Amino acid sequence: PSSRSLMDKLNRTGPSTARWGPPLATGLHRSSASGPGRRRLLLSTPIFYANGPPHLGHLYSALLADALHRHRGLRGAGPGRLSTGTDEHGLKIQQAAAAAGTSPPELCAHISALFRQALTQAAVSFTDFIRTSEPRHQRAVCHFWGALQEHGALYKGSYEGWYCTPDECFLPESQLTERMDTQGRTYKVSLETGHEVHWTKEENYMFRLSAFRDPLQKWLRDNPRAVSPEPFYQRVLHWLGDDLPDLSVSRERSRLQWGIPVPGDSTQTIYVWVDALVNYLSVVGYPETHGEWWPAAHHIVGKDILKFHAVYWPALLMAAGLPPPEQILVHSHWTVRGQKMSKSLGNVIDPFACIGQYTVDGFRYFLLRQGVPERDCDYYDDKVVKVLNSELADALGGLLNRSTALSINPSNTYPYFSESCFPKILDYRETKALGRASAEDYEFVVSVASLPLQVASYFEDFQIYKALECIALCVRQTNGFFQRHKPWKLNRNHPAEKLWLDTIIHVTLECLRVFGTLLQPVIPCTADKLLSRLAVEPEERGLSNLTFLPRYNGKPCPFEGRQLGPDTGVLFHRLKKSSQHQIENKRL
Ligand SMILES: Nc1ncnc2c1ncn2[C@@H]1O[C@H](COP(=O)(O)OP(=O)(O)OP(=O)(O)O)[C@@H](O)[C@H]1O
């Protein structure tokens with residue numbers, strides 16, 4: 001469903017039920033959550049440039065895509081693919097290989113393997129990994145080039161301008177500024193990236209980008225969610241308000257040998273960005289079988305490559321006779337002391353060291369919980385320790401530990417809910433205490449009941465951090481509920497007390513079941529541990545049929561009376577502050 005329909009539902013079942021008494025339906029049933037039809041979707045990360053090893057920023061792009069992919073799978077939203085890979089051509093790689101005393105293919109094989117390893121270690125569930133040096137990709141690029149030529153979108157022209165090798169693009173004067181080196185010599189750099197530019201003149205193939213200004217504007221007007229979140233959509237519209245000069249799409253082969261030659265012209269090499277962007281088509285079998293998946297594609301990209309994805313790529317596709325992708329989901333950068341973390345700047349954080357220190361799920365949780373698509377986020381080790389200790393170790397792990405302790409639940413079963421202790425009421429504010437539950441308890445179960453719909457809506461809107469914020473809030477509320485009623489003080493041998501004690505544990509385990517189910521796309525291993533402890537079977541972990549506290553509505557709860565799973569120990573271990581020094585030492 002569209003996020004609007006989800007939000008409408010949420011507005012109806014959220015605030016209104018909070019006021020009028022909870023029906024406690026999560027609202028997530030196959031018909032509403034997965035829409036009228038299951039459909040295919042290709043999610044993709046950018047392909048990462050193989051001029052250096054992966055860093056935390058790359059992992060972040062991949063984790064966003066992975067969480068969306070896993071979320072779709074759990075919703076039963078239809079067949080999905082998650083593609084990623086490495087971008088292996090271009091001057092930067094040619095230069096990096098020369099500097100490392102190796103050949104471009106050798107350098108790329110090594111770096112590509114590192115990316116594959118980092119993504120695999122971080123539990124990114126990619127279904128496709130593409131390398132632009134692969135024959136299947138080169139064939140697709142050549143075919144795509146042919147389609148551009150056939151449609152009259154290319155011409156040969158002499159091109160002169162400021163070229164930025166690290167960014168692999170020509171830049172207009174308006175995007176340059178001057179700097180002075182230590183000898184007092186001035187030189188020009190890109191305003192955006194600070195990389196030096198050089199005056200370059202050469203014969204190139206040009207792409208008639210200027211002809212696509214109107215079609216691009218129309219595409220964006222007709223598809224207001226094509227670029228998301230909104231500030232990035234506005235940024236693209238703003239760019240399209242300016243001049244849109246034709247784009248140089250090849251380089252002289254004498255200067256750039258490491259790339260795909262222009263079909264039928266051995267003096268030219270295809271521009272690395274045209275080559276790279278076509279990866280989204282080559283993974284789905286272009287030019288033969290792409291129709292099964294294209295244009296049902298969502299690209300997850302950093303804001304640094306927004307123009308390539310939201311201006312050049314849709315224009316190239318239109319020129320080749322193909323529709324633009326459905327959505328471009330954009331995120332901001334992780335910075336280190338305010339500066340973008342980047343290979344070229346060398347201020348990178350090693351994801352392998354972070355995973356080793358904070359665990360796979362710990363680091364996944366931190367990046368997705370703290371990364372805000374619209375804003376840059378500064379990375380500190382002590383922030384990781386704080387977030388993970390408070391939210392995963394203490395709040396979530398502590399709650400599971402306390403509510404499953406043998407001292408309060410000696411039979412180690414999912415206890416029974418008692419309607420007499422927690423009766424169904426229409427308006428908790430006007431009802432005198434009928435059972436043992438307080439107005440605060442009713443309010444809290446309403447928030448947990450609306451959580452699945454809220455989380456679905458945030459995933460739909462590419463606001464995963466907000467979904468995690470809501471879950472963290474509900475975990476805190478559940479701890480408050482447990483603490484408020486002090487079940488450890490209730491006497492299990494007293495029949496009335498036992499009913500209430502079991503009800504408190506039942507409600508708490510129901511909350512934990514909902515949290516565990518919703519957290520699967522972000523912390524798959526920890527969520528599995530939690531759900532296994534609660535004896536939730538694999539087929540009971542989907543999002544489309546997630547229920548919460550059915551006994552409150554007089555419906556049967558399949559978990560009641562079930563033996564809990566084995567206690568496999570602490571859910572998430574507390575991290576020590578000193579780990580920061582260890583990780584820094586590892587980096588050195
Ligand atoms: N600091 C960062 N924060 C978030 N994402 C990043 C960051 N750096 C890179 N990425 C992600 O990786 C994509 C491609 O990055 P790329 O391979 O060009 O890495 P890079 O470190 O920016 O390289 P370079 O410094 O050589 O330009 C970006 O579009 C973005 O999706």
# chains A, B, ... in the order shown; residues from 1 in each chain; ligands from 1

call {"tool": "select_by_dssp", "arguments": {"residues": "segment 215-459 of chain A", "states": "strand (DSSP E or B)", "output": "number ranges by chain"}}
result
A: 227-228, 247-248, 250-252, 261-262, 265-270, 297-302, 327-331, 334-336, 339-340, 372, 375, 377-378, 413

call {"tool": "write_last_selection", "arguments": {"atoms": "N, CA and C atoms", "output": "mmCIF file, in the first residue's frame"}}
result
data_model
loop_
_atom_site.group_PDB
_atom_site.id
_atom_site.type_symbol
_atom_site.label_atom_id
_atom_site.label_comp_id
_atom_site.auth_asym_id
_atom_site.auth_seq_id
_atom_site.Cartn_x
_atom_site.Cartn_y
_atom_site.Cartn_z
ATOM 1 N N VAL A 227 11.976 10.526 -6.205
ATOM 2 C CA VAL A 227 13.217 10.766 -5.459
ATOM 3 C C VAL A 227 12.803 11.079 -4.029
ATOM 4 N N SER A 228 13.334 10.341 -3.103
ATOM 5 C CA SER A 228 12.902 10.452 -1.714
ATOM 6 C C SER A 228 14.121 10.427 -0.805
ATOM 7 N N LEU A 247 26.214 15.954 -22.145
ATOM 8 C CA LEU A 247 27.166 15.268 -21.273
ATOM 9 C C LEU A 247 28.187 14.497 -22.109
ATOM 10 N N SER A 248 29.442 14.656 -21.728
ATOM 11 C CA SER A 248 30.484 13.898 -22.420
ATOM 12 C C SER A 248 30.444 12.449 -21.914
ATOM 13 N N SER A 250 32.285 9.716 -23.305
ATOM 14 C CA SER A 250 33.407 8.828 -23.622
ATOM 15 C C SER A 250 34.706 9.578 -23.338
ATOM 16 N N ARG A 251 35.781 8.848 -23.249
ATOM 17 C CA ARG A 251 37.100 9.434 -23.031
ATOM 18 C C ARG A 251 38.040 8.879 -24.091
ATOM 19 N N GLU A 252 39.083 9.657 -24.425
ATOM 20 C CA GLU A 252 40.036 9.152 -25.428
ATOM 21 C C GLU A 252 40.723 7.908 -24.872
ATOM 22 N N PRO A 261 35.548 -0.322 -24.456
ATOM 23 C CA PRO A 261 35.706 0.495 -25.669
ATOM 24 C C PRO A 261 34.341 0.833 -26.275
ATOM 25 N N VAL A 262 34.263 2.027 -26.885
ATOM 26 C CA VAL A 262 33.029 2.392 -27.578
ATOM 27 C C VAL A 262 32.843 1.427 -28.746
ATOM 28 N N ASP A 265 34.368 2.079 -32.326
ATOM 29 C CA ASP A 265 35.345 3.179 -32.331
ATOM 30 C C ASP A 265 36.409 2.896 -31.272
ATOM 31 N N SER A 266 37.482 2.273 -31.721
ATOM 32 C CA SER A 266 38.486 1.819 -30.753
ATOM 33 C C SER A 266 39.315 2.965 -30.175
ATOM 34 N N THR A 267 39.079 4.201 -30.648
ATOM 35 C CA THR A 267 39.857 5.323 -30.097
ATOM 36 C C THR A 267 39.205 5.886 -28.835
ATOM 37 N N GLN A 268 38.025 5.388 -28.481
ATOM 38 C CA GLN A 268 37.276 5.957 -27.340
ATOM 39 C C GLN A 268 36.881 4.874 -26.336
ATOM 40 N N THR A 269 36.822 5.300 -25.056
ATOM 41 C CA THR A 269 36.371 4.405 -23.982
ATOM 42 C C THR A 269 35.081 4.978 -23.398
ATOM 43 N N ILE A 270 34.132 4.113 -23.077
ATOM 44 C CA ILE A 270 32.851 4.593 -22.533
ATOM 45 C C ILE A 270 33.077 5.197 -21.146
ATOM 46 N N ALA A 297 12.223 -1.029 -9.877
ATOM 47 C CA ALA A 297 13.531 -0.971 -9.226
ATOM 48 C C ALA A 297 13.600 0.222 -8.288
ATOM 49 N N HIS A 298 14.186 -0.005 -7.115
ATOM 50 C CA HIS A 298 14.458 1.084 -6.170
ATOM 51 C C HIS A 298 15.971 1.121 -5.943
ATOM 52 N N HIS A 299 16.574 2.273 -6.226
ATOM 53 C CA HIS A 299 18.019 2.408 -6.001
ATOM 54 C C HIS A 299 18.254 3.131 -4.684
ATOM 55 N N ILE A 300 19.095 2.593 -3.849
ATOM 56 C CA ILE A 300 19.472 3.275 -2.607
ATOM 57 C C ILE A 300 20.848 3.886 -2.835
ATOM 58 N N VAL A 301 20.953 5.205 -2.721
ATOM 59 C CA VAL A 301 22.231 5.858 -3.059
ATOM 60 C C VAL A 301 22.574 6.965 -2.068
ATOM 61 N N GLY A 302 23.862 7.237 -1.968
ATOM 62 C CA GLY A 302 24.314 8.375 -1.166
ATOM 63 C C GLY A 302 24.048 9.663 -1.920
ATOM 64 N N GLN A 327 11.964 4.310 -8.036
ATOM 65 C CA GLN A 327 12.334 5.186 -6.921
ATOM 66 C C GLN A 327 13.834 5.264 -6.725
ATOM 67 N N ILE A 328 14.266 6.450 -6.325
ATOM 68 C CA ILE A 328 15.657 6.638 -5.930
ATOM 69 C C ILE A 328 15.615 7.095 -4.478
ATOM 70 N N LEU A 329 16.125 6.264 -3.592
ATOM 71 C CA LEU A 329 16.071 6.564 -2.158
ATOM 72 C C LEU A 329 17.449 7.046 -1.736
ATOM 73 N N VAL A 330 17.481 8.238 -1.183
ATOM 74 C CA VAL A 330 18.758 8.912 -0.989
ATOM 75 C C VAL A 330 19.083 9.042 0.499
ATOM 76 N N HIS A 331 20.353 8.847 0.816
ATOM 77 C CA HIS A 331 20.764 9.063 2.214
ATOM 78 C C HIS A 331 21.953 10.006 2.277
ATOM 79 N N TRP A 334 27.963 9.642 6.524
ATOM 80 C CA TRP A 334 28.640 9.517 7.809
ATOM 81 C C TRP A 334 29.890 10.374 7.712
ATOM 82 N N THR A 335 30.094 11.166 8.723
ATOM 83 C CA THR A 335 31.243 12.062 8.705
ATOM 84 C C THR A 335 32.160 11.723 9.884
ATOM 85 N N VAL A 336 33.397 12.182 9.779
ATOM 86 C CA VAL A 336 34.335 12.046 10.894
ATOM 87 C C VAL A 336 34.809 13.457 11.190
ATOM 88 N N GLN A 339 33.712 15.850 8.552
ATOM 89 C CA GLN A 339 34.122 15.678 7.151
ATOM 90 C C GLN A 339 33.636 14.341 6.607
ATOM 91 N N LYS A 340 33.144 14.320 5.370
ATOM 92 C CA LYS A 340 32.625 13.061 4.794
ATOM 93 C C LYS A 340 33.691 11.962 4.879
ATOM 94 N N VAL A 372 20.379 9.159 9.699
ATOM 95 C CA VAL A 372 19.157 9.860 9.286
ATOM 96 C C VAL A 372 19.339 10.231 7.813
ATOM 97 N N ARG A 375 20.121 13.937 6.966
ATOM 98 C CA ARG A 375 21.189 14.692 7.648
ATOM 99 C C ARG A 375 22.468 13.877 7.745
ATOM 100 N N CYS A 377 25.723 12.496 9.653
ATOM 101 C CA CYS A 377 25.812 12.032 11.040
ATOM 102 C C CYS A 377 27.282 11.779 11.362
ATOM 103 N N ASP A 378 27.754 12.346 12.458
ATOM 104 C CA ASP A 378 29.148 12.173 12.836
ATOM 105 C C ASP A 378 29.316 10.852 13.577
ATOM 106 N N THR A 413 7.060 -21.674 30.659
ATOM 107 C CA THR A 413 6.051 -21.719 29.591
ATOM 108 C C THR A 413 5.567 -20.297 29.285
#

call {"tool": "residues_near_ligand", "arguments": {"ligand": "ligand 1", "cutoff": "9 Å", "atoms": "only C-alpha atoms and all ligand atoms", "output": "ChimeraX atom specification"}}
result
/A:45-62,86-87,92,166-167,193,300-306,330-336,339-346,348,371,376-377

call {"tool": "residues_around", "arguments": {"residues": "Val475 of chain A", "least_positions_apart": "4", "cutoff": "12 Å", "atoms": "only C-alpha atoms", "output": "VMD selection string"}}
result
chain A and resid 390 to 400 444 to 445 447 to 448 451 468 to 471 479 to 482 508 to 516 518 to 519

call {"tool": "residues_around", "arguments": {"residues": "Leu107 of chain A", "least_positions_apart": "2", "cutoff": "12 Å", "atoms": "only C-alpha atoms", "output": "PyMOL selection string"}}
result
chain A and resi 49-53+86+88-89+92-105+109-114+133+258

call {"tool": "residues_around", "arguments": {"residues": "Gly561 of chain A", "least_positions_apart": "5", "cutoff": "7 Å", "atoms": "only C-alpha atoms", "output": "list in words"}}
result
Thr413, Tyr414, Pro415 and Tyr416 of chain A

call {"tool": "closest_residue", "arguments": {"among": "A:Val385, A:Leu42, A:Ala310, A:Cys421", "to": "Tyr365 of chain A", "atoms": "only C-alpha atoms"}}
result
A:Val385

call {"tool": "residues_around", "arguments": {"residues": "Val384 of chain A", "least_positions_apart": "4", "cutoff": "12 Å", "atoms": "only C-alpha atoms", "output": "ChimeraX atom specification"}}
result
/A:354-355,357-359,362-371,378-380,388-392,574-577,579-580,583

call {"tool": "write_last_selection", "arguments": {"atoms": "N, CA, C and O atoms", "output": "short mmCIF file (atom, residue, chain, number, x, y, z; two decimals), in the first residue's frame"}}
result
data_model
loop_
_atom_site.label_atom_id
_atom_site.label_comp_id
_atom_site.auth_asym_id
_atom_site.auth_seq_id
_atom_site.Cartn_x
_atom_site.Cartn_y
_atom_site.Cartn_z
N CYS A 354 34.83 -2.85 13.20
CA CYS A 354 33.61 -2.50 13.95
C CYS A 354 32.75 -3.73 14.20
O CYS A 354 32.22 -3.91 15.29
N ILE A 355 32.64 -4.57 13.18
CA ILE A 355 31.83 -5.79 13.35
C ILE A 355 32.47 -6.68 14.41
O ILE A 355 31.80 -7.25 15.27
N GLN A 357 34.22 -5.77 16.89
CA GLN A 357 34.08 -5.17 18.20
C GLN A 357 32.64 -5.13 18.72
O GLN A 357 32.38 -5.39 19.88
N TYR A 358 31.72 -4.80 17.82
CA TYR A 358 30.34 -4.55 18.28
C TYR A 358 29.37 -5.66 17.88
O TYR A 358 28.18 -5.52 18.15
N THR A 359 29.83 -6.66 17.23
CA THR A 359 29.05 -7.77 16.65
C THR A 359 28.29 -7.29 15.40
O THR A 359 28.06 -6.09 15.24
N GLY A 362 24.95 -5.73 16.41
CA GLY A 362 25.19 -4.48 17.15
C GLY A 362 25.49 -3.36 16.18
O GLY A 362 24.92 -2.27 16.25
N PHE A 363 26.38 -3.65 15.23
CA PHE A 363 26.78 -2.57 14.34
C PHE A 363 25.66 -2.23 13.35
O PHE A 363 25.44 -1.06 13.01
N ARG A 364 24.95 -3.26 12.90
CA ARG A 364 23.79 -3.01 12.03
C ARG A 364 22.80 -2.11 12.75
O ARG A 364 22.30 -1.13 12.18
N TYR A 365 22.51 -2.46 14.00
CA TYR A 365 21.51 -1.69 14.76
C TYR A 365 21.97 -0.24 14.90
O TYR A 365 21.22 0.69 14.66
N PHE A 366 23.24 -0.07 15.26
CA PHE A 366 23.72 1.30 15.47
C PHE A 366 23.59 2.15 14.20
O PHE A 366 23.05 3.26 14.23
N LEU A 367 24.07 1.60 13.08
CA LEU A 367 24.06 2.41 11.84
C LEU A 367 22.63 2.75 11.42
O LEU A 367 22.34 3.88 11.03
N LEU A 368 21.74 1.78 11.52
CA LEU A 368 20.37 2.03 11.07
C LEU A 368 19.57 2.85 12.08
O LEU A 368 18.64 3.56 11.71
N ARG A 369 19.94 2.78 13.33
CA ARG A 369 19.23 3.53 14.38
C ARG A 369 19.67 4.99 14.37
O ARG A 369 18.89 5.89 14.62
N GLN A 370 20.96 5.22 14.06
CA GLN A 370 21.49 6.58 14.15
C GLN A 370 21.54 7.33 12.82
O GLN A 370 21.57 8.54 12.80
N GLY A 371 21.58 6.60 11.73
CA GLY A 371 21.68 7.26 10.42
C GLY A 371 20.35 7.86 10.01
O GLY A 371 19.33 7.18 10.01
N ASP A 378 27.75 12.35 12.46
CA ASP A 378 29.15 12.17 12.84
C ASP A 378 29.32 10.85 13.58
O ASP A 378 28.48 10.50 14.40
N TYR A 379 30.39 10.15 13.27
CA TYR A 379 30.61 8.85 13.89
C TYR A 379 31.54 8.97 15.10
O TYR A 379 32.62 9.55 15.00
N TYR A 380 31.11 8.42 16.24
CA TYR A 380 31.99 8.29 17.42
C TYR A 380 31.84 6.90 17.98
O TYR A 380 30.71 6.40 18.07
N LEU A 388 24.09 0.88 22.06
CA LEU A 388 23.92 -0.57 22.14
C LEU A 388 23.71 -1.04 23.58
O LEU A 388 22.89 -1.91 23.84
N ASN A 389 24.45 -0.44 24.50
CA ASN A 389 24.26 -0.85 25.89
C ASN A 389 22.86 -0.51 26.38
O ASN A 389 22.20 -1.31 27.02
N SER A 390 22.42 0.71 26.05
CA SER A 390 21.14 1.10 26.63
C SER A 390 19.97 0.41 25.93
O SER A 390 19.04 -0.03 26.58
N GLU A 391 20.01 0.29 24.60
CA GLU A 391 18.82 -0.21 23.92
C GLU A 391 18.80 -1.72 23.69
O GLU A 391 17.76 -2.34 23.84
N LEU A 392 19.96 -2.28 23.32
CA LEU A 392 19.94 -3.73 23.05
C LEU A 392 20.27 -4.55 24.31
O LEU A 392 19.57 -5.51 24.63
N ARG A 574 26.68 -6.53 27.18
CA ARG A 574 27.06 -5.13 27.38
C ARG A 574 28.48 -4.92 26.86
O ARG A 574 29.32 -5.81 26.98
N LEU A 575 28.71 -3.75 26.30
CA LEU A 575 30.05 -3.44 25.80
C LEU A 575 30.77 -2.60 26.82
O LEU A 575 30.16 -1.77 27.49
N LYS A 576 32.08 -2.81 26.87
CA LYS A 576 32.86 -2.01 27.81
C LYS A 576 33.34 -0.76 27.11
O LYS A 576 33.67 -0.80 25.93
N LYS A 577 33.42 0.31 27.88
CA LYS A 577 33.91 1.57 27.32
C LYS A 577 35.30 1.42 26.72
O LYS A 577 35.61 1.98 25.69
N SER A 579 36.51 -0.65 24.98
CA SER A 579 36.54 -1.21 23.64
C SER A 579 36.90 -0.16 22.61
O SER A 579 37.44 -0.46 21.56
N GLN A 580 36.61 1.10 22.93
CA GLN A 580 36.94 2.18 21.98
C GLN A 580 38.43 2.19 21.69
O GLN A 580 38.85 2.35 20.56
N ILE A 583 39.44 -0.63 19.47
CA ILE A 583 39.08 -0.48 18.06
C ILE A 583 39.99 0.53 17.38
O ILE A 583 40.44 0.35 16.25
#

call {"tool": "select_by_dssp", "arguments": {"residues": "segment 225-346 of chain A", "states": "helix (DSSP H, G or I)", "output": "PyMOL selection string"}}
result
chain A and resi 230-241+272-277+279-282+290-292+303-319

call {"tool": "write_last_selection", "arguments": {"atoms": "C-alpha atoms", "output": "PDB file, in the first residue's frame"}}
result
ATOM      1  CA  GLU A 230      11.518  15.184  -0.155  1.00  0.00           C
ATOM      2  CA  PRO A 231      14.537  17.554   0.248  1.00  0.00           C
ATOM      3  CA  PHE A 232      16.435  15.507  -2.346  1.00  0.00           C
ATOM      4  CA  TYR A 233      13.452  15.587  -4.702  1.00  0.00           C
ATOM      5  CA  GLN A 234      13.507  19.387  -4.408  1.00  0.00           C
ATOM      6  CA  ARG A 235      17.244  19.434  -5.009  1.00  0.00           C
ATOM      7  CA  VAL A 236      16.835  17.550  -8.285  1.00  0.00           C
ATOM      8  CA  LEU A 237      14.030  19.864  -9.403  1.00  0.00           C
ATOM      9  CA  HIS A 238      16.302  22.796  -8.608  1.00  0.00           C
ATOM     10  CA  TRP A 239      19.101  21.354 -10.765  1.00  0.00           C
ATOM     11  CA  LEU A 240      16.639  20.926 -13.600  1.00  0.00           C
ATOM     12  CA  GLY A 241      15.737  24.591 -13.291  1.00  0.00           C
ATOM     13  CA  VAL A 272      32.747   5.180 -16.358  1.00  0.00           C
ATOM     14  CA  TRP A 273      29.427   6.520 -15.087  1.00  0.00           C
ATOM     15  CA  VAL A 274      27.462   5.355 -18.149  1.00  0.00           C
ATOM     16  CA  ASP A 275      29.167   2.003 -17.763  1.00  0.00           C
ATOM     17  CA  ALA A 276      28.441   1.839 -14.013  1.00  0.00           C
ATOM     18  CA  LEU A 277      24.784   2.869 -14.140  1.00  0.00           C
ATOM     19  CA  ASN A 279      24.717  -2.403 -13.882  1.00  0.00           C
ATOM     20  CA  TYR A 280      21.113  -2.043 -12.712  1.00  0.00           C
ATOM     21  CA  LEU A 281      20.031  -3.434 -16.054  1.00  0.00           C
ATOM     22  CA  SER A 282      22.740  -6.047 -16.489  1.00  0.00           C
ATOM     23  CA  HIS A 290      15.145  -7.364 -17.970  1.00  0.00           C
ATOM     24  CA  GLY A 291      11.435  -6.814 -18.744  1.00  0.00           C
ATOM     25  CA  GLU A 292      10.497  -9.146 -15.886  1.00  0.00           C
ATOM     26  CA  LYS A 303      23.596  12.039  -1.841  1.00  0.00           C
ATOM     27  CA  ASP A 304      27.028  12.397  -3.483  1.00  0.00           C
ATOM     28  CA  ILE A 305      25.792  10.438  -6.484  1.00  0.00           C
ATOM     29  CA  LEU A 306      22.283  11.859  -6.622  1.00  0.00           C
ATOM     30  CA  LYS A 307      22.797  13.782  -9.869  1.00  0.00           C
ATOM     31  CA  PHE A 308      24.095  10.674 -11.625  1.00  0.00           C
ATOM     32  CA  HIS A 309      21.072   8.666 -10.490  1.00  0.00           C
ATOM     33  CA  ALA A 310      18.258  11.211 -10.638  1.00  0.00           C
ATOM     34  CA  VAL A 311      19.302  13.222 -13.717  1.00  0.00           C
ATOM     35  CA  TYR A 312      21.747  11.340 -15.936  1.00  0.00           C
ATOM     36  CA  TRP A 313      20.423   7.810 -15.412  1.00  0.00           C
ATOM     37  CA  PRO A 314      16.710   8.512 -16.075  1.00  0.00           C
ATOM     38  CA  ALA A 315      17.674  10.629 -19.103  1.00  0.00           C
ATOM     39  CA  LEU A 316      19.920   7.869 -20.464  1.00  0.00           C
ATOM     40  CA  LEU A 317      17.148   5.330 -19.937  1.00  0.00           C
ATOM     41  CA  MET A 318      14.559   7.482 -21.692  1.00  0.00           C
ATOM     42  CA  ALA A 319      17.005   8.009 -24.556  1.00  0.00           C
TER      43      ALA A 319
END

call {"tool": "residues_around", "arguments": {"residues": "Pro263 of chain A", "least_positions_apart": "3", "cutoff": "12 Å", "atoms": "only C-alpha atoms", "output": "ChimeraX atom specification"}}
result
/A:138-149,205,250,259-260,266-270

call {"tool": "write_last_selection", "arguments": {"atoms": "N, CA, C and O atoms", "output": "CSV table (one decimal), in the first residue's frame"}}
result
chain,number,residue,atom,x,y,z
A,138,GLN,N,29.5,-6.1,-19.7
A,138,GLN,CA,30.1,-5.4,-20.8
A,138,GLN,C,29.2,-5.6,-22.0
A,138,GLN,O,29.0,-4.6,-22.8
A,139,ARG,N,28.6,-6.7,-22.2
A,139,ARG,CA,27.7,-7.0,-23.3
A,139,ARG,C,26.4,-6.0,-23.1
A,139,ARG,O,26.0,-5.4,-24.1
A,140,ALA,N,26.0,-5.9,-21.9
A,140,ALA,CA,24.8,-5.0,-21.7
A,140,ALA,C,25.1,-3.6,-22.0
A,140,ALA,O,24.3,-2.9,-22.6
A,141,VAL,N,26.3,-3.1,-21.6
A,141,VAL,CA,26.7,-1.8,-21.8
A,141,VAL,C,26.8,-1.5,-23.3
A,141,VAL,O,26.3,-0.5,-23.8
A,142,CYS,N,27.4,-2.4,-24.0
A,142,CYS,CA,27.5,-2.2,-25.5
A,142,CYS,C,26.2,-2.2,-26.1
A,142,CYS,O,25.9,-1.3,-27.0
A,143,HIS,N,25.3,-3.0,-25.7
A,143,HIS,CA,23.9,-3.0,-26.2
A,143,HIS,C,23.2,-1.7,-25.9
A,143,HIS,O,22.5,-1.1,-26.8
A,144,PHE,N,23.4,-1.2,-24.7
A,144,PHE,CA,22.8,0.1,-24.3
A,144,PHE,C,23.3,1.2,-25.1
A,144,PHE,O,22.6,2.1,-25.5
A,145,TRP,N,24.6,1.2,-25.3
A,145,TRP,CA,25.3,2.2,-26.1
A,145,TRP,C,24.6,2.2,-27.5
A,145,TRP,O,24.3,3.3,-28.1
A,146,GLY,N,24.5,1.0,-28.1
A,146,GLY,CA,23.8,0.9,-29.4
A,146,GLY,C,22.4,1.5,-29.4
A,146,GLY,O,22.0,2.1,-30.4
A,147,ALA,N,21.7,1.3,-28.3
A,147,ALA,CA,20.3,1.8,-28.3
A,147,ALA,C,20.3,3.3,-28.2
A,147,ALA,O,19.5,4.0,-28.9
A,148,LEU,N,21.3,3.9,-27.5
A,148,LEU,CA,21.4,5.4,-27.5
A,148,LEU,C,21.7,5.9,-28.9
A,148,LEU,O,21.1,6.9,-29.3
A,149,GLN,N,22.6,5.2,-29.6
A,149,GLN,CA,23.0,5.6,-30.9
A,149,GLN,C,21.8,5.5,-31.9
A,149,GLN,O,21.6,6.4,-32.6
A,205,TYR,N,32.4,11.4,-27.4
A,205,TYR,CA,31.0,11.3,-27.8
A,205,TYR,C,30.2,12.1,-26.7
A,205,TYR,O,30.5,12.0,-25.5
A,250,SER,N,32.3,9.7,-23.3
A,250,SER,CA,33.4,8.8,-23.6
A,250,SER,C,34.7,9.6,-23.3
A,250,SER,O,34.7,10.8,-23.2
A,259,GLY,N,38.6,0.4,-19.4
A,259,GLY,CA,37.2,0.6,-19.5
A,259,GLY,C,36.7,-0.1,-20.8
A,259,GLY,O,37.5,-0.7,-21.5
A,260,ILE,N,35.4,0.1,-21.0
A,260,ILE,CA,34.8,-0.6,-22.1
A,260,ILE,C,34.9,0.2,-23.4
A,260,ILE,O,34.5,1.4,-23.4
A,266,SER,N,37.5,2.3,-31.7
A,266,SER,CA,38.5,1.8,-30.8
A,266,SER,C,39.3,3.0,-30.2
A,266,SER,O,40.2,2.8,-29.3
A,267,THR,N,39.1,4.2,-30.6
A,267,THR,CA,39.9,5.3,-30.1
A,267,THR,C,39.2,5.9,-28.8
A,267,THR,O,39.7,6.8,-28.2
A,268,GLN,N,38.0,5.4,-28.5
A,268,GLN,CA,37.3,6.0,-27.3
A,268,GLN,C,36.9,4.9,-26.3
A,268,GLN,O,36.6,3.7,-26.7
A,269,THR,N,36.8,5.3,-25.1
A,269,THR,CA,36.4,4.4,-24.0
A,269,THR,C,35.1,5.0,-23.4
A,269,THR,O,35.0,6.2,-23.2
A,270,ILE,N,34.1,4.1,-23.1
A,270,ILE,CA,32.9,4.6,-22.5
A,270,ILE,C,33.1,5.2,-21.1
A,270,ILE,O,33.8,4.6,-20.3

call {"tool": "closest_residue", "arguments": {"among": "A:Ala296, A:Leu256, A:Leu64, A:Ile408", "to": "Pro79 of chain A", "atoms": "only C-alpha atoms"}}
result
A:Ala296

call {"tool": "closest_residue", "arguments": {"among": "A:Asp567, A:Asp350, A:Glu150, A:Glu192", "to": "Cys164 of chain A", "atoms": "only C-alpha atoms"}}
result
A:Glu192

call {"tool": "atom_distance", "arguments": {"atom1": "atom CA of His151 of chain A", "atom2": "atom CA of Arg208 of chain A"}}
result
10.7 Å

call {"tool": "closest_residue", "arguments": {"among": "A:Leu543, A:Ile464, A:Ala123, A:Val570", "to": "Ile523 of chain A", "atoms": "only C-alpha atoms"}}
result
A:Ala123

call {"tool": "closest_residue", "arguments": {"among": "A:Val387, A:Leu63, A:Leu549, A:Val536", "to": "Ala122 of chain A", "atoms": "only C-alpha atoms"}}
result
A:Leu63
